[in-house]
Amino acid sequence: MSFKYIDIHTHLNLAVFNDDYREAAERAREAGVAVINIGTQKDTSLRAVELAEELGEGFYATVGIHPVHTHKSYHDEAELGPEGKAFTSRGEEFSEEEYRKLAEHEKVVAIGECGLDYYRPDNAEAISKQEKVFIEHIELANSVGKPLMLHIRASDKSMDAYEDALVLLKKYAKVKGNVHFFAGTHEIAKQFWEIGFTTSFTGVITFTHDYDEVVKNAPIEMIHAETDAPYVAPKPFRGSRNEPMHVREVYKKIAELRGEDEEVVRLQLLKNAEDMYKISLL
């Protein structure tokens with residue numbers, strides 16, 4: 001089967017999809033959308049691998065610990081389910097042995113989402129823990145030869161987390177990767193592109209102009225489209241639960257912002273994903 005699109009960062013493995021992930025997956029398949037489900041901690045990483053196995057062709061996984069889960073953090077029921085149930089944020093310790101076993105699975109295409117999140121840090125100790133776990137993910141990615149799926153979120157009105165992540169990547173990374181849900185400046189984006197890291201954009205670009213400059217000026221081979229479902233549904237689906245099939249709206253908006261033919265952009269973004277994640281879509 002060939003695919004017309006790929007959602008390179010989504011979360012059918014989260015609690016909010018527990019009751020209808022098969023239906024959401026089938027809607028994606030019918031729309032020609034391949035899917036990479038992203039692990040956010042041990043439970044959701046294992047679930048992402050299980051879904052890749054169960055759902056078959058066009059469904060892939062990543063494994064890792066989201067930086068907010070390296071310490072006890074706020075509880076998001078869409079991700080983790082009700083308090084006390086499965087998928088509980090517990091301040092997880094990185095287990096190289098457990099994550100290596102998952103990372104070596106043939107349908108795992110990247111390590112993460114991992115990185116730095118300074119938007120809700122509790123204290124300096126929490127930031128230090130994020131950095132430690134980020135380095136551990138980079139070293140695992142180096143070891144298994146798979147790219148990184150990065151979550152980087154700066155503190156308000158700052159590029160601090162992006163700047164710190166660049167320092168760590170330049171020091172430790174021997175692989176490439178993608179900065180998911182990129183929300184930095186054009187200048188910051190250029191620094192990632194220069195070291196071979198791509199940037200991906202969500203449905204947010206359909207209802208804000210904050211990232212127009214980055215999308216317009218990015219080398220076309222250095223960008224991807226994603227949904228980050230169940231979050232940030234694009235126009236015309238705002239206010240509802242997002243899902244992978246809606247990545248088509250992100251493709252359309254990227255082409256519109258760049259003033260380029262939608263079919264040319266679509267094919268290039270598929271190639272970008274094939275090159276980064278070593279998968280075959282066409």
# chains A, B, ... in the order shown; residues from 1 in each chain; ligands from 1

$ residues_around --residues "Tyr99 (chain A)" --least-positions-apart "2" --cutoff "12 Å" --atoms "only C-alpha atoms" --output "PyMOL selection string"
chain A and resi 39-46+49+62-65+93-97+101-105+108+110-112+136-137+139-141+143-144

$ write_last_selection --atoms "N, CA and C atoms" --output "mmCIF file, in the first residue's frame"
data_model
loop_
_atom_site.group_PDB
_atom_site.id
_atom_site.type_symbol
_atom_site.label_atom_id
_atom_site.label_comp_id
_atom_site.auth_asym_id
_atom_site.auth_seq_id
_atom_site.Cartn_x
_atom_site.Cartn_y
_atom_site.Cartn_z
ATOM 1 N N GLY A 39 5.903 7.688 21.811
ATOM 2 C CA GLY A 39 5.955 7.346 23.223
ATOM 3 C C GLY A 39 6.284 8.553 24.085
ATOM 4 N N THR A 40 5.656 8.622 25.251
ATOM 5 C CA THR A 40 5.907 9.735 26.177
ATOM 6 C C THR A 40 6.458 9.271 27.524
ATOM 7 N N GLN A 41 6.379 7.981 27.789
ATOM 8 C CA GLN A 41 6.999 7.344 28.951
ATOM 9 C C GLN A 41 6.926 5.841 28.708
ATOM 10 N N LYS A 42 7.283 5.033 29.699
ATOM 11 C CA LYS A 42 7.386 3.597 29.448
ATOM 12 C C LYS A 42 6.067 2.997 28.982
ATOM 13 N N ASP A 43 4.969 3.301 29.673
ATOM 14 C CA ASP A 43 3.679 2.720 29.339
ATOM 15 C C ASP A 43 3.225 3.096 27.933
ATOM 16 N N THR A 44 3.324 4.385 27.605
ATOM 17 C CA THR A 44 2.851 4.831 26.296
ATOM 18 C C THR A 44 3.818 4.433 25.184
ATOM 19 N N SER A 45 5.091 4.268 25.507
ATOM 20 C CA SER A 45 6.048 3.775 24.516
ATOM 21 C C SER A 45 5.736 2.324 24.158
ATOM 22 N N LEU A 46 5.492 1.509 25.176
ATOM 23 C CA LEU A 46 5.112 0.122 24.926
ATOM 24 C C LEU A 46 3.819 0.061 24.128
ATOM 25 N N VAL A 49 4.394 0.726 20.433
ATOM 26 C CA VAL A 49 4.936 -0.450 19.751
ATOM 27 C C VAL A 49 3.830 -1.475 19.509
ATOM 28 N N THR A 62 7.644 5.471 18.148
ATOM 29 C CA THR A 62 8.874 5.939 18.787
ATOM 30 C C THR A 62 8.776 5.602 20.272
ATOM 31 N N VAL A 63 9.915 5.573 20.944
ATOM 32 C CA VAL A 63 9.922 5.248 22.378
ATOM 33 C C VAL A 63 10.803 6.223 23.130
ATOM 34 N N GLY A 64 10.301 6.690 24.268
ATOM 35 C CA GLY A 64 11.081 7.627 25.059
ATOM 36 C C GLY A 64 10.273 8.234 26.175
ATOM 37 N N ILE A 65 10.918 9.123 26.930
ATOM 38 C CA ILE A 65 10.291 9.810 28.067
ATOM 39 C C ILE A 65 10.195 11.296 27.767
ATOM 40 N N GLU A 93 12.282 7.103 35.954
ATOM 41 C CA GLU A 93 13.725 6.983 35.755
ATOM 42 C C GLU A 93 13.975 6.298 34.418
ATOM 43 N N PHE A 94 14.955 6.777 33.673
ATOM 44 C CA PHE A 94 15.275 6.181 32.387
ATOM 45 C C PHE A 94 15.990 4.851 32.594
ATOM 46 N N SER A 95 15.444 3.796 32.012
ATOM 47 C CA SER A 95 16.056 2.473 32.052
ATOM 48 C C SER A 95 16.624 2.172 30.670
ATOM 49 N N GLU A 96 17.940 2.218 30.547
ATOM 50 C CA GLU A 96 18.576 1.958 29.262
ATOM 51 C C GLU A 96 18.222 0.575 28.751
ATOM 52 N N GLU A 97 18.177 -0.399 29.639
ATOM 53 C CA GLU A 97 17.886 -1.774 29.249
ATOM 54 C C GLU A 97 16.476 -1.906 28.683
ATOM 55 N N LYS A 101 15.504 -2.376 24.544
ATOM 56 C CA LYS A 101 14.718 -3.510 24.046
ATOM 57 C C LYS A 101 13.596 -3.018 23.136
ATOM 58 N N LEU A 102 12.911 -1.959 23.550
ATOM 59 C CA LEU A 102 11.857 -1.387 22.718
ATOM 60 C C LEU A 102 12.437 -0.733 21.466
ATOM 61 N N ALA A 103 13.546 -0.027 21.626
ATOM 62 C CA ALA A 103 14.135 0.740 20.524
ATOM 63 C C ALA A 103 14.592 -0.144 19.377
ATOM 64 N N GLU A 104 14.950 -1.374 19.677
ATOM 65 C CA GLU A 104 15.455 -2.277 18.647
ATOM 66 C C GLU A 104 14.346 -2.940 17.837
ATOM 67 N N HIS A 105 13.096 -2.711 18.231
ATOM 68 C CA HIS A 105 11.972 -3.253 17.465
ATOM 69 C C HIS A 105 11.997 -2.666 16.058
ATOM 70 N N VAL A 108 10.019 0.555 15.380
ATOM 71 C CA VAL A 108 10.395 1.775 16.101
ATOM 72 C C VAL A 108 11.347 2.564 15.216
ATOM 73 N N ALA A 110 12.278 5.985 15.770
ATOM 74 C CA ALA A 110 13.008 7.083 16.403
ATOM 75 C C ALA A 110 12.976 6.926 17.911
ATOM 76 N N ILE A 111 13.836 7.691 18.571
ATOM 77 C CA ILE A 111 13.925 7.716 20.033
ATOM 78 C C ILE A 111 13.348 9.038 20.523
ATOM 79 N N GLY A 112 12.371 8.951 21.428
ATOM 80 C CA GLY A 112 11.713 10.130 21.956
ATOM 81 C C GLY A 112 10.200 9.900 21.996
ATOM 82 N N GLU A 136 20.758 10.769 28.068
ATOM 83 C CA GLU A 136 20.619 9.305 28.021
ATOM 84 C C GLU A 136 19.870 8.875 26.754
ATOM 85 N N HIS A 137 18.868 9.640 26.360
ATOM 86 C CA HIS A 137 18.152 9.338 25.121
ATOM 87 C C HIS A 137 19.076 9.521 23.904
ATOM 88 N N GLU A 139 22.259 9.215 23.776
ATOM 89 C CA GLU A 139 23.225 8.106 23.743
ATOM 90 C C GLU A 139 22.575 6.812 23.272
ATOM 91 N N LEU A 140 21.319 6.577 23.652
ATOM 92 C CA LEU A 140 20.607 5.396 23.154
ATOM 93 C C LEU A 140 20.405 5.510 21.644
ATOM 94 N N ALA A 141 19.988 6.683 21.179
ATOM 95 C CA ALA A 141 19.793 6.888 19.741
ATOM 96 C C ALA A 141 21.093 6.653 18.978
ATOM 97 N N SER A 143 23.472 4.727 19.856
ATOM 98 C CA SER A 143 23.791 3.305 19.942
ATOM 99 C C SER A 143 22.980 2.460 18.958
ATOM 100 N N VAL A 144 21.682 2.766 18.833
ATOM 101 C CA VAL A 144 20.833 1.956 17.949
ATOM 102 C C VAL A 144 20.756 2.535 16.542
#

$ residues_around --residues "Leu168 (chain A)" --least-positions-apart "2" --cutoff "9 Å" --atoms "only C-alpha atoms" --output "PDB file with N, CA and C atoms, in the first residue's frame"
ATOM      1  N   GLU A 131      17.809  17.363  31.708  1.00  0.00           N
ATOM      2  CA  GLU A 131      19.047  17.346  30.924  1.00  0.00           C
ATOM      3  C   GLU A 131      19.711  15.965  30.981  1.00  0.00           C
ATOM      4  N   PHE A 134      17.700  13.540  28.898  1.00  0.00           N
ATOM      5  CA  PHE A 134      17.866  13.884  27.488  1.00  0.00           C
ATOM      6  C   PHE A 134      19.175  13.302  26.944  1.00  0.00           C
ATOM      7  N   ILE A 135      20.247  13.471  27.669  1.00  0.00           N
ATOM      8  CA  ILE A 135      21.541  12.921  27.246  1.00  0.00           C
ATOM      9  C   ILE A 135      21.469  11.401  27.139  1.00  0.00           C
ATOM     10  N   ILE A 138      19.836  10.585  23.905  1.00  0.00           N
ATOM     11  CA  ILE A 138      20.762  10.824  22.787  1.00  0.00           C
ATOM     12  C   ILE A 138      21.738   9.664  22.657  1.00  0.00           C
ATOM     13  N   ASP A 164      19.643  25.619  24.891  1.00  0.00           N
ATOM     14  CA  ASP A 164      20.296  24.576  25.691  1.00  0.00           C
ATOM     15  C   ASP A 164      20.304  23.235  24.956  1.00  0.00           C
ATOM     16  N   ALA A 165      19.215  22.942  24.242  1.00  0.00           N
ATOM     17  CA  ALA A 165      19.158  21.685  23.490  1.00  0.00           C
ATOM     18  C   ALA A 165      20.204  21.665  22.385  1.00  0.00           C
ATOM     19  N   LEU A 166      20.407  22.769  21.715  1.00  0.00           N
ATOM     20  CA  LEU A 166      21.426  22.847  20.669  1.00  0.00           C
ATOM     21  C   LEU A 166      22.811  22.536  21.225  1.00  0.00           C
ATOM     22  N   LYS A 170      24.929  19.262  19.895  1.00  0.00           N
ATOM     23  CA  LYS A 170      26.244  19.444  19.283  1.00  0.00           C
ATOM     24  C   LYS A 170      27.319  18.671  20.041  1.00  0.00           C
ATOM     25  N   LYS A 171      27.122  18.528  21.325  1.00  0.00           N
ATOM     26  CA  LYS A 171      28.121  17.838  22.147  1.00  0.00           C
ATOM     27  C   LYS A 171      27.993  16.324  22.074  1.00  0.00           C
ATOM     28  N   TYR A 172      26.761  15.815  22.051  1.00  0.00           N
ATOM     29  CA  TYR A 172      26.554  14.376  22.225  1.00  0.00           C
ATOM     30  C   TYR A 172      26.001  13.640  21.001  1.00  0.00           C
ATOM     31  N   ALA A 173      25.203  14.282  20.171  1.00  0.00           N
ATOM     32  CA  ALA A 173      24.453  13.537  19.146  1.00  0.00           C
ATOM     33  C   ALA A 173      25.316  13.138  17.954  1.00  0.00           C
TER      34      ALA A 173
END

$ atom_distance --atom1 "CA of Glu26 (chain A)" --atom2 "CA of Ala52 (chain A)"
13.2 Å

$ closest_residue --among "A:Met245, A:Ile223, A:Ile195, A:Leu282" --to "Arg258 (chain A)" --atoms "only C-alpha atoms"
A:Ile223

$ closest_residue --among "A:Ser2, A:Gln191, A:Asn13, A:Asn242" --to "Ser280 (chain A)" --atoms "only C-alpha atoms"
A:Ser2

$ select_by_dssp --residues "region 66-227 of chain A" --states "alpha helix (DSSP H)" --output "ChimeraX atom specification"
/A:77-80,96-103,124-144,160-172,186-194,212-217

$ residues_around --residues "region 267-272 of chain A" --least-positions-apart "3" --cutoff "6 Å" --atoms "only C-alpha atoms" --output "number ranges by chain"
A: 221, 224, 264, 275

$ residues_around --residues "Ser155 (chain A)" --least-positions-apart "5" --cutoff "9 Å" --atoms "only C-alpha atoms" --output "ChimeraX atom specification"
/A:117-121,160-161

$ residues_around --residues "Gly56 (chain A)" --least-positions-apart "2" --cutoff "12 Å" --atoms "only C-alpha atoms" --output "PDB file with N, CA and C atoms, in the first residue's frame"
ATOM      1  N   MET A   1       0.842  -1.203   0.000  1.00  0.00           N
ATOM      2  CA  MET A   1       0.000   0.000   0.000  1.00  0.00           C
ATOM      3  C   MET A   1       0.872   1.245   0.000  1.00  0.00           C
ATOM      4  N   ARG A  22      -8.883   2.101  16.971  1.00  0.00           N
ATOM      5  CA  ARG A  22      -8.984   1.367  15.710  1.00  0.00           C
ATOM      6  C   ARG A  22      -9.758   2.182  14.672  1.00  0.00           C
ATOM      7  N   ALA A  25      -7.567   4.999  13.498  1.00  0.00           N
ATOM      8  CA  ALA A  25      -6.534   4.449  12.614  1.00  0.00           C
ATOM      9  C   ALA A  25      -7.109   4.142  11.242  1.00  0.00           C
ATOM     10  N   GLU A  26      -8.328   3.606  11.202  1.00  0.00           N
ATOM     11  CA  GLU A  26      -8.945   3.269   9.917  1.00  0.00           C
ATOM     12  C   GLU A  26      -9.280   4.538   9.130  1.00  0.00           C
ATOM     13  N   ARG A  29      -6.074   5.557   7.585  1.00  0.00           N
ATOM     14  CA  ARG A  29      -5.722   4.675   6.472  1.00  0.00           C
ATOM     15  C   ARG A  29      -6.558   5.007   5.231  1.00  0.00           C
ATOM     16  N   ALA A  34      -0.173   7.698   6.666  1.00  0.00           N
ATOM     17  CA  ALA A  34       0.659   6.855   7.518  1.00  0.00           C
ATOM     18  C   ALA A  34       0.853   7.567   8.850  1.00  0.00           C
ATOM     19  N   VAL A  35       1.219   6.802   9.884  1.00  0.00           N
ATOM     20  CA  VAL A  35       1.182   7.325  11.253  1.00  0.00           C
ATOM     21  C   VAL A  35       2.406   6.881  12.050  1.00  0.00           C
ATOM     22  N   ILE A  36       3.004   7.841  12.747  1.00  0.00           N
ATOM     23  CA  ILE A  36       4.024   7.508  13.747  1.00  0.00           C
ATOM     24  C   ILE A  36       3.480   7.880  15.116  1.00  0.00           C
ATOM     25  N   VAL A  49       4.394   0.726  20.433  1.00  0.00           N
ATOM     26  CA  VAL A  49       4.936  -0.450  19.751  1.00  0.00           C
ATOM     27  C   VAL A  49       3.830  -1.475  19.509  1.00  0.00           C
ATOM     28  N   GLU A  50       2.985  -1.674  20.515  1.00  0.00           N
ATOM     29  CA  GLU A  50       1.874  -2.619  20.349  1.00  0.00           C
ATOM     30  C   GLU A  50       0.957  -2.206  19.203  1.00  0.00           C
ATOM     31  N   LEU A  51       0.672  -0.906  19.100  1.00  0.00           N
ATOM     32  CA  LEU A  51      -0.196  -0.431  18.026  1.00  0.00           C
ATOM     33  C   LEU A  51       0.470  -0.598  16.662  1.00  0.00           C
ATOM     34  N   ALA A  52       1.774  -0.367  16.595  1.00  0.00           N
ATOM     35  CA  ALA A  52       2.486  -0.550  15.332  1.00  0.00           C
ATOM     36  C   ALA A  52       2.368  -1.993  14.861  1.00  0.00           C
ATOM     37  N   GLU A  53       2.446  -2.914  15.809  1.00  0.00           N
ATOM     38  CA  GLU A  53       2.303  -4.334  15.469  1.00  0.00           C
ATOM     39  C   GLU A  53       0.863  -4.659  15.073  1.00  0.00           C
ATOM     40  N   GLU A  54      -0.089  -4.174  15.866  1.00  0.00           N
ATOM     41  CA  GLU A  54      -1.489  -4.517  15.644  1.00  0.00           C
ATOM     42  C   GLU A  54      -2.046  -3.900  14.372  1.00  0.00           C
ATOM     43  N   GLY A  58       2.088   0.944   7.510  1.00  0.00           N
ATOM     44  CA  GLY A  58       1.892   2.379   7.615  1.00  0.00           C
ATOM     45  C   GLY A  58       1.816   2.912   9.029  1.00  0.00           C
ATOM     46  N   PHE A  59       1.957   2.042  10.035  1.00  0.00           N
ATOM     47  CA  PHE A  59       1.915   2.473  11.430  1.00  0.00           C
ATOM     48  C   PHE A  59       3.248   2.151  12.099  1.00  0.00           C
ATOM     49  N   TYR A  60       3.830   3.180  12.713  1.00  0.00           N
ATOM     50  CA  TYR A  60       5.167   3.076  13.304  1.00  0.00           C
ATOM     51  C   TYR A  60       5.139   3.647  14.717  1.00  0.00           C
ATOM     52  N   ALA A  61       6.270   3.544  15.412  1.00  0.00           N
ATOM     53  CA  ALA A  61       6.333   3.972  16.806  1.00  0.00           C
ATOM     54  C   ALA A  61       7.652   4.657  17.101  1.00  0.00           C
ATOM     55  N   LYS A 107       9.757  -1.768  14.031  1.00  0.00           N
ATOM     56  CA  LYS A 107       8.806  -0.712  13.710  1.00  0.00           C
ATOM     57  C   LYS A 107       9.007   0.552  14.541  1.00  0.00           C
TER      58      LYS A 107
END

$ atom_distance --atom1 "CA of Ala28 (chain A)" --atom2 "CA of Glu263 (chain A)"
18.7 Å

$ closest_atom_pairs --of "region 47-150 of chain A" --to "region 196-203 of chain A" --cutoff "10 Å" --atoms "only C-alpha atoms" --output "tab-separated table"
residue	atom	partner	partner_atom	distance
A:Pro147	CA	A:Phe197	CA	9.3
A:Leu148	CA	A:Phe197	CA	9.0
A:Met149	CA	A:Phe197	CA	9.8
A:Leu150	CA	A:Thr199	CA	9.4

$ write_last_selection --atoms "N, CA and C atoms" --output "PDB file, in the first residue's frame"
ATOM      1  N   PRO A 147      17.057   8.094  14.619  1.00  0.00           N
ATOM      2  CA  PRO A 147      16.990   9.535  14.878  1.00  0.00           C
ATOM      3  C   PRO A 147      16.239   9.860  16.162  1.00  0.00           C
ATOM      4  N   LEU A 148      16.358  11.107  16.571  1.00  0.00           N
ATOM      5  CA  LEU A 148      15.699  11.613  17.768  1.00  0.00           C
ATOM      6  C   LEU A 148      14.396  12.323  17.405  1.00  0.00           C
ATOM      7  N   MET A 149      13.382  12.128  18.229  1.00  0.00           N
ATOM      8  CA  MET A 149      12.151  12.903  18.142  1.00  0.00           C
ATOM      9  C   MET A 149      12.152  13.840  19.345  1.00  0.00           C
ATOM     10  N   LEU A 150      12.369  15.127  19.078  1.00  0.00           N
ATOM     11  CA  LEU A 150      12.604  16.082  20.151  1.00  0.00           C
ATOM     12  C   LEU A 150      11.348  16.852  20.554  1.00  0.00           C
TER      13      LEU A 150
END
